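Heads up, the thing below is written out as structure tokens.
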Amino acid sequence: MNATRRLRDRLLLQEDLNFLLTNRVPRHALTHFMGWFSGLRQPWLVKCSVAVWRLFTDLDLTEAKKTRFDSLHEVFTRELKDGARPIDTRAEVLASPCDAIVGACGSVQQGQVLQAKGMPYPLHELLGSAAEAAAWEGGSYLTLRLTSSMYHRFHAPADAVIEHVRYISGDTWNVNPIALKRVERLFCRNERAVLNMRLAGGAEGHRLALVPVAAILVASLRLHFLNLRLHLRYGGPAELPCHALARKGEELGWFEHGSTIIVFAPPGFALAEGVEPGTRVRMGQALMTLPACSS
């Protein structure tokens, strides 16, 4: 019993230290600094930084298209070799938009979703629209967490038309599991964008939403279809209507570190086999199945 208590106390101490080092700091200042630092074009600095990075993560650059990086920004936003992420082309499947670890998932109930066990948050605060939140009642959601070492680009989960983007400025809390257990409504506090789309092809008419959420050291999101970079100093319009056609697997943009994407689908969508909290998924693999094919 004493050994169990000591182990629990040690883990709590490690969690406390992690939380303090990644959250009880000047988050905006550190994020701005990382933006500046990652843009420095010094190959020797990149090599040193990557060596330190690998001491703490499982960073693997063997799949990268480039073999030489002139800045850390190029490492964060690296492209992969052709064929490194096969796309599940089945019409009944929504493919994962990114490499990630699956977090909280389930259905929208009474306007709320979970960020962690026992930690609900109101959907209208996340989306910045009560009307949009009401429209997702009973629908499915799934949280995808990108770690700092993962591939940072995200892609269309199906053939779709992107109809509207809403940019919501905010904080830069860490989005790791420790912070998610301690900071209420964390996703609603952080900088984020809401990508509303309508599926085409065999799933024509179904709505889908992707909500990329920034975090400490990130706070920068590139959207190719708008030719736009959203970040803490962005001063443009928050509501961005559009009509962008995207093919399944087509690259939509990138994060400049690691963060989270929350996927929303209408009622009837089901998680693909093997997809559950804690599992790792890769961009392109089956994430959800359409209602007509759910069992």
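Naming scheme: A, B, ... for chains in displayed order of the structure tokens; residues 1 onward per chain; ligands 1 onward as shown.
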Taking the chain letters and numbering used in this document, name the residues of stretch 115-237 of chain A that DSSP puts in alpha helix (DSSP H), as a compact mmCIF listing (two decimals) with N, CA and C atoms, in the first residue's frame.
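This is the output file selection-v2.txt:
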# COMPACT_ATOMS: atom_id res chain seq x y z
N LEU A 123 -20.36 23.37 -26.32
CA LEU A 123 -19.97 23.38 -27.72
C LEU A 123 -20.09 24.78 -28.34
N HIS A 124 -21.07 25.57 -27.91
CA HIS A 124 -21.23 26.90 -28.52
C HIS A 124 -20.03 27.80 -28.23
N GLU A 125 -19.35 27.56 -27.09
CA GLU A 125 -18.15 28.35 -26.78
C GLU A 125 -17.00 27.95 -27.69
N LEU A 126 -16.90 26.67 -27.98
CA LEU A 126 -15.84 26.21 -28.88
C LEU A 126 -16.03 26.75 -30.28
N LEU A 127 -17.26 26.65 -30.79
CA LEU A 127 -17.55 27.01 -32.19
C LEU A 127 -17.77 28.51 -32.38
N ALA A 130 -23.95 29.76 -31.25
CA ALA A 130 -24.98 28.93 -30.62
C ALA A 130 -25.78 28.16 -31.65
N ALA A 131 -26.06 28.80 -32.80
CA ALA A 131 -26.85 28.14 -33.85
C ALA A 131 -26.11 26.93 -34.41
N GLU A 132 -24.81 27.08 -34.67
CA GLU A 132 -24.04 25.95 -35.18
C GLU A 132 -23.95 24.84 -34.15
N ALA A 133 -23.78 25.20 -32.88
CA ALA A 133 -23.70 24.18 -31.83
C ALA A 133 -24.99 23.38 -31.76
N ALA A 134 -26.14 24.05 -31.84
CA ALA A 134 -27.43 23.36 -31.77
C ALA A 134 -27.60 22.38 -32.93
N ALA A 135 -27.05 22.72 -34.08
CA ALA A 135 -27.18 21.86 -35.25
C ALA A 135 -26.40 20.55 -35.11
N PRO A 177 -2.53 15.82 -22.11
CA PRO A 177 -3.53 15.24 -21.20
C PRO A 177 -3.49 15.83 -19.80
N ILE A 178 -2.31 16.22 -19.32
CA ILE A 178 -2.21 16.79 -17.98
C ILE A 178 -2.98 18.10 -17.90
N ALA A 179 -2.80 18.96 -18.89
CA ALA A 179 -3.52 20.24 -18.90
C ALA A 179 -5.02 20.02 -19.11
N LEU A 180 -5.39 19.05 -19.94
CA LEU A 180 -6.81 18.80 -20.21
C LEU A 180 -7.55 18.36 -18.95
N LYS A 181 -6.84 17.72 -18.01
CA LYS A 181 -7.46 17.29 -16.76
C LYS A 181 -7.58 18.43 -15.76
N ARG A 182 -6.86 19.54 -15.99
CA ARG A 182 -6.78 20.58 -14.96
C ARG A 182 -7.40 21.92 -15.37
N LEU A 186 -10.66 24.18 -21.78
CA LEU A 186 -9.37 24.59 -22.36
C LEU A 186 -9.50 24.88 -23.85
N PHE A 187 -10.15 23.99 -24.59
CA PHE A 187 -10.27 24.20 -26.03
C PHE A 187 -11.03 25.49 -26.36
N CYS A 188 -11.94 25.87 -25.47
CA CYS A 188 -12.70 27.10 -25.68
C CYS A 188 -11.87 28.34 -25.38
N ARG A 189 -10.77 28.19 -24.71
CA ARG A 189 -9.91 29.32 -24.36
C ARG A 189 -8.84 29.58 -25.41
Please provide as a PDB file with N, CA and C atoms, in the first residue's frame all residues within 10 Å of A:Thr62, with the sequence filter that same-chain residues fewer than 4 positions apart are discarded (counting only C-alpha atoms).
ATOM      1  N   LYS A  66      12.267  16.138 -47.703  1.00  0.00           N
ATOM      2  CA  LYS A  66      13.564  16.805 -47.702  1.00  0.00           C
ATOM      3  C   LYS A  66      14.519  16.081 -46.756  1.00  0.00           C
ATOM      4  N   THR A  67      15.782  16.122 -47.063  1.00  0.00           N
ATOM      5  CA  THR A  67      16.792  15.537 -46.185  1.00  0.00           C
ATOM      6  C   THR A  67      17.611  16.613 -45.482  1.00  0.00           C
ATOM      7  N   LEU A  80       5.900  14.904 -46.448  1.00  0.00           N
ATOM      8  CA  LEU A  80       6.337  13.516 -46.427  1.00  0.00           C
ATOM      9  C   LEU A  80       6.591  13.015 -47.844  1.00  0.00           C
ATOM     10  N   LYS A  81       7.364  11.951 -47.934  1.00  0.00           N
ATOM     11  CA  LYS A  81       7.609  11.330 -49.226  1.00  0.00           C
ATOM     12  C   LYS A  81       6.299  10.843 -49.828  1.00  0.00           C
TER      13      LYS A  81
END
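Take the candidates A:Gln42, A:Thr289, A:Thr77, A:Gln109 and check each one against A:Ala270 using only C-alpha atoms; the shortest distance goes to A:Thr289.
For the choices A:Val175, A:Ala116, A:Leu208, A:Ala100, the atom-to-atom distance to A:Gln285 is smallest for A:Ala100 when using only C-alpha atoms.
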Margin query: Taking only C-alpha atoms into account, name the residue in A:Gly103, A:Asp60, A:Ala200, A:Gly111 that is nearest to A:Leu144.
Written below: A:Gly103
